[in-house]
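Below you'll find the structure, written out as structure tokens, and then a few comments.
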Amino acid sequence: MAFKLEGPVLEGELVRLEPLSHTHVTELAVAAEEDRGTYEFTWVPRADEVADYVDAQLARAATGRLAPYAQISRATGRVVGATSYWEPRSWLSDDTLDAIEIGFTWLARSAQGTGVNAEAKLLLLRHAFEVWNVSRVDLKTDARNARSRAAIESVGAHFEGVLRNWSRSWAPGEDNRLRDSAIFSITADEWPERRKRLERRVARFGPGVGVE
């Protein structure tokens, strides 16, 4: 594929998305050790695994299939989680991007419910649809993960169904097992309305947030 997947810095009023690097390791390790009860179905590295986690994400990025980010809270200036563009697909032309997934997302407990996730999705979706001109963006999660499914639905993604035994399970005690994945999407035709919905939602966390 000729299209080179590179994620630029994306700046909001609640969150700044910076391309993931080793400079984020120390603060990511702190974020990862906050209340881990919210990670029931999502793999989040332990503090002593974060350096290897960053290495693995950067290795994936080198293949052109991933653009990983650190999520930086604008309120505190600290790293509060990670997210990524993932699985780029070019169907109509090798040098254009037709579809992308947003995934590898996790947030420290203190950042959940603060608008950071909503604004991060707004920034990622806006860049995908309005700069890369993709036709669709995918999001998926463990089908059992009610918290994650609700968060995805809250950004306006359409539930497409459950794909059985679709990917590796990250649930504790389920090593070497597969999970059912709930698949969601937003298409280019839907994006203008979804953008307005997300901007209204994010704006509730502060004046002018998310609105250009």
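Following the order of the structure tokens, chains are lettered A, B, ..., residues in each are numbered from 1, and ligands are numbered from 1.
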- Task: Can you pull out every residue within 6 Å of stretch 84-101 of chain A, counting only C-alpha atoms, but drop anything in the same chain fewer than 2 positions away, and send it as a list in words?
- Result: Met1, Ala2, Phe3, Arg65, Leu66, Ala67, Pro68, Tyr69, Gly103, Phe104, Val134, Ser135, Arg136, Val137, Asp138 and Leu139 of chain A
- May I ask for the distance between atom CA of A:His127 and atom CA of A:Asp55, given in Å to one decimal place? 25.2 Å
- Find the spatial neighbours of A:Glu49, counting only C-alpha atoms, within a cut-off of 10 Å - ignore same-chain residues fewer than 5 positions away - and output them as a PyMOL selection string. chain A and resi 25+29+32+44+54
For all heavy atoms, I'd like the residues from the last selection saved as a PDB file, in the first residue's frame.
```
ATOM      1  N   VAL A  25       6.805   6.967  28.475  1.00  0.00           N
ATOM      2  CA  VAL A  25       6.789   5.721  29.251  1.00  0.00           C
ATOM      3  C   VAL A  25       6.522   5.970  30.734  1.00  0.00           C
ATOM      4  O   VAL A  25       5.672   5.302  31.346  1.00  0.00           O
ATOM      5  CB  VAL A  25       8.111   4.947  29.053  1.00  0.00           C
ATOM      6  CG1 VAL A  25       8.233   3.829  30.089  1.00  0.00           C
ATOM      7  CG2 VAL A  25       8.175   4.364  27.649  1.00  0.00           C
ATOM      8  N   ALA A  29       3.144   4.660  32.662  1.00  0.00           N
ATOM      9  CA  ALA A  29       3.217   3.642  33.712  1.00  0.00           C
ATOM     10  C   ALA A  29       2.390   4.048  34.925  1.00  0.00           C
ATOM     11  O   ALA A  29       1.712   3.217  35.538  1.00  0.00           O
ATOM     12  CB  ALA A  29       4.675   3.413  34.113  1.00  0.00           C
ATOM     13  N   ALA A  32      -1.340   3.708  33.969  1.00  0.00           N
ATOM     14  CA  ALA A  32      -1.772   2.316  33.842  1.00  0.00           C
ATOM     15  C   ALA A  32      -2.072   1.663  35.180  1.00  0.00           C
ATOM     16  O   ALA A  32      -2.806   0.672  35.243  1.00  0.00           O
ATOM     17  CB  ALA A  32      -0.709   1.511  33.095  1.00  0.00           C
ATOM     18  N   VAL A  44      -4.291  -3.627  29.302  1.00  0.00           N
ATOM     19  CA  VAL A  44      -3.516  -2.426  29.610  1.00  0.00           C
ATOM     20  C   VAL A  44      -2.247  -2.895  30.308  1.00  0.00           C
ATOM     21  O   VAL A  44      -2.314  -3.673  31.268  1.00  0.00           O
ATOM     22  CB  VAL A  44      -4.315  -1.463  30.517  1.00  0.00           C
ATOM     23  CG1 VAL A  44      -3.458  -0.278  30.924  1.00  0.00           C
ATOM     24  CG2 VAL A  44      -5.592  -0.997  29.805  1.00  0.00           C
ATOM     25  N   VAL A  54       5.367   0.123  24.571  1.00  0.00           N
ATOM     26  CA  VAL A  54       5.698   1.195  23.631  1.00  0.00           C
ATOM     27  C   VAL A  54       6.560   0.645  22.497  1.00  0.00           C
ATOM     28  O   VAL A  54       6.341   0.954  21.318  1.00  0.00           O
ATOM     29  CB  VAL A  54       6.390   2.367  24.350  1.00  0.00           C
ATOM     30  CG1 VAL A  54       6.930   3.380  23.335  1.00  0.00           C
ATOM     31  CG2 VAL A  54       5.416   3.046  25.308  1.00  0.00           C
TER      32      VAL A  54
END
```
- If you run DSSP over the backbone, which residues in chain A end up strand (DSSP E)? Put them as a ChimeraX atom specification. /A:10-11,15-19,66-73,79-89,99-107,136-142,158-168,178-187
- Task: Quick one: everything within 12 Å of stretch 186-194 of chain A, counting only C-alpha atoms, minus sequence neighbours fewer than 2 positions away in the same chain. Send it as a ChimeraX atom specification.
- Result: /A:98-102,118,121-122,125-140,152-160,183-184,196-201
Once you have the residues from the selection above, write them out as a PDB file, in the first residue's frame, restricted to C-alpha atoms.
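Output saved as part_36.pdb:
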```pdb
ATOM      1  CA  ASP A  98     -10.564   4.315   2.192  1.00  0.00           C
ATOM      2  CA  ALA A  99     -11.042   3.035   5.739  1.00  0.00           C
ATOM      3  CA  ILE A 100      -9.307   3.059   9.110  1.00  0.00           C
ATOM      4  CA  GLU A 101      -9.956   1.704  12.581  1.00  0.00           C
ATOM      5  CA  ILE A 102      -9.585   3.538  15.881  1.00  0.00           C
ATOM      6  CA  ALA A 118     -15.118  12.124  23.564  1.00  0.00           C
ATOM      7  CA  LYS A 121     -12.583  10.560  19.247  1.00  0.00           C
ATOM      8  CA  LEU A 122     -13.686  13.900  17.764  1.00  0.00           C
ATOM      9  CA  LEU A 125     -12.578  11.106  13.443  1.00  0.00           C
ATOM     10  CA  ARG A 126     -12.307  14.661  12.137  1.00  0.00           C
ATOM     11  CA  HIS A 127      -8.784  14.057  10.837  1.00  0.00           C
ATOM     12  CA  ALA A 128      -9.764  10.730   9.276  1.00  0.00           C
ATOM     13  CA  PHE A 129     -12.834  12.064   7.473  1.00  0.00           C
ATOM     14  CA  GLU A 130     -11.743  15.611   6.672  1.00  0.00           C
ATOM     15  CA  VAL A 131      -8.012  15.253   5.969  1.00  0.00           C
ATOM     16  CA  TRP A 132      -7.626  11.643   4.829  1.00  0.00           C
ATOM     17  CA  ASN A 133     -11.144  11.620   3.320  1.00  0.00           C
ATOM     18  CA  VAL A 134     -11.872   8.061   4.401  1.00  0.00           C
ATOM     19  CA  SER A 135     -15.214   6.446   3.624  1.00  0.00           C
ATOM     20  CA  ARG A 136     -15.542   4.698   6.981  1.00  0.00           C
ATOM     21  CA  VAL A 137     -14.020   4.438  10.443  1.00  0.00           C
ATOM     22  CA  ASP A 138     -14.335   1.223  12.449  1.00  0.00           C
ATOM     23  CA  LEU A 139     -14.344   0.706  16.203  1.00  0.00           C
ATOM     24  CA  LYS A 140     -14.596  -2.674  17.913  1.00  0.00           C
ATOM     25  CA  ILE A 152     -18.482   3.718  21.382  1.00  0.00           C
ATOM     26  CA  GLU A 153     -22.212   4.180  20.892  1.00  0.00           C
ATOM     27  CA  SER A 154     -22.013   7.544  22.676  1.00  0.00           C
ATOM     28  CA  VAL A 155     -19.812   8.961  19.898  1.00  0.00           C
ATOM     29  CA  GLY A 156     -22.488   8.051  17.349  1.00  0.00           C
ATOM     30  CA  ALA A 157     -21.012   4.855  15.930  1.00  0.00           C
ATOM     31  CA  HIS A 158     -23.464   2.410  14.330  1.00  0.00           C
ATOM     32  CA  PHE A 159     -23.543  -1.125  15.733  1.00  0.00           C
ATOM     33  CA  GLU A 160     -23.034  -3.562  12.852  1.00  0.00           C
ATOM     34  CA  ILE A 183     -18.208  -4.078  15.478  1.00  0.00           C
ATOM     35  CA  PHE A 184     -19.215  -0.425  15.074  1.00  0.00           C
ATOM     36  CA  LYS A 196     -22.180  18.060  15.417  1.00  0.00           C
ATOM     37  CA  ARG A 197     -23.349  15.558  18.026  1.00  0.00           C
ATOM     38  CA  LEU A 198     -19.815  15.031  19.315  1.00  0.00           C
ATOM     39  CA  GLU A 199     -19.077  18.760  19.391  1.00  0.00           C
ATOM     40  CA  ARG A 200     -22.207  19.371  21.463  1.00  0.00           C
ATOM     41  CA  ARG A 201     -21.265  16.583  23.840  1.00  0.00           C
TER      42      ARG A 201
END
```
- Tell me, which residues of stretch 50-203 of chain A carry DSSP alpha helix (DSSP H), written as a ChimeraX atom specification? /A:50-62,116-130,146-154,191-203
- Message: Just checking: using only C-alpha atoms, which residue out of A:Asp35, A:Glu18, A:Glu13, A:Asp142 ends up closest to A:Ala203?
- Response: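 Under the stated criterion, the closest residue is A:Glu13.
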- Residues near A:Ala143, cut-off 12 Å, only C-alpha atoms, skip fewer than 6 positions along chain, as a ChimeraX atom specification: /A:41-42,149-150,152,159-167,169-171,178-184
Can those selected residues be exported to a file as a short mmCIF file (atom, residue, chain, number, x, y, z; two decimals), in the first residue's frame so that it contains C-alpha atoms?
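After the write, part20.cif holds the following:
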```
data_model
loop_
_atom_site.label_atom_id
_atom_site.label_comp_id
_atom_site.auth_asym_id
_atom_site.auth_seq_id
_atom_site.Cartn_x
_atom_site.Cartn_y
_atom_site.Cartn_z
CA PHE A 41 -11.85 -6.82 28.98
CA THR A 42 -9.08 -4.49 27.77
CA ARG A 149 -19.80 -0.58 23.88
CA ALA A 150 -21.66 2.26 25.58
CA ILE A 152 -18.48 3.72 21.38
CA PHE A 159 -23.54 -1.13 15.73
CA GLU A 160 -23.03 -3.56 12.85
CA GLY A 161 -23.09 -6.86 14.73
CA VAL A 162 -20.96 -9.39 16.56
CA LEU A 163 -18.23 -11.36 14.81
CA ARG A 164 -17.70 -14.63 16.64
CA ASN A 165 -14.19 -15.80 17.60
CA TRP A 166 -12.91 -12.69 15.83
CA SER A 167 -9.79 -11.82 17.80
CA SER A 169 -9.32 -12.27 24.25
CA TRP A 170 -7.64 -9.89 26.70
CA ALA A 171 -9.86 -10.83 29.64
CA LEU A 178 -10.58 -16.00 21.23
CA ARG A 179 -13.31 -13.46 21.87
CA ASP A 180 -16.46 -12.35 20.08
CA SER A 181 -16.05 -8.77 18.85
CA ALA A 182 -18.79 -6.14 18.63
CA ILE A 183 -18.21 -4.08 15.48
CA PHE A 184 -19.22 -0.42 15.07
#
```
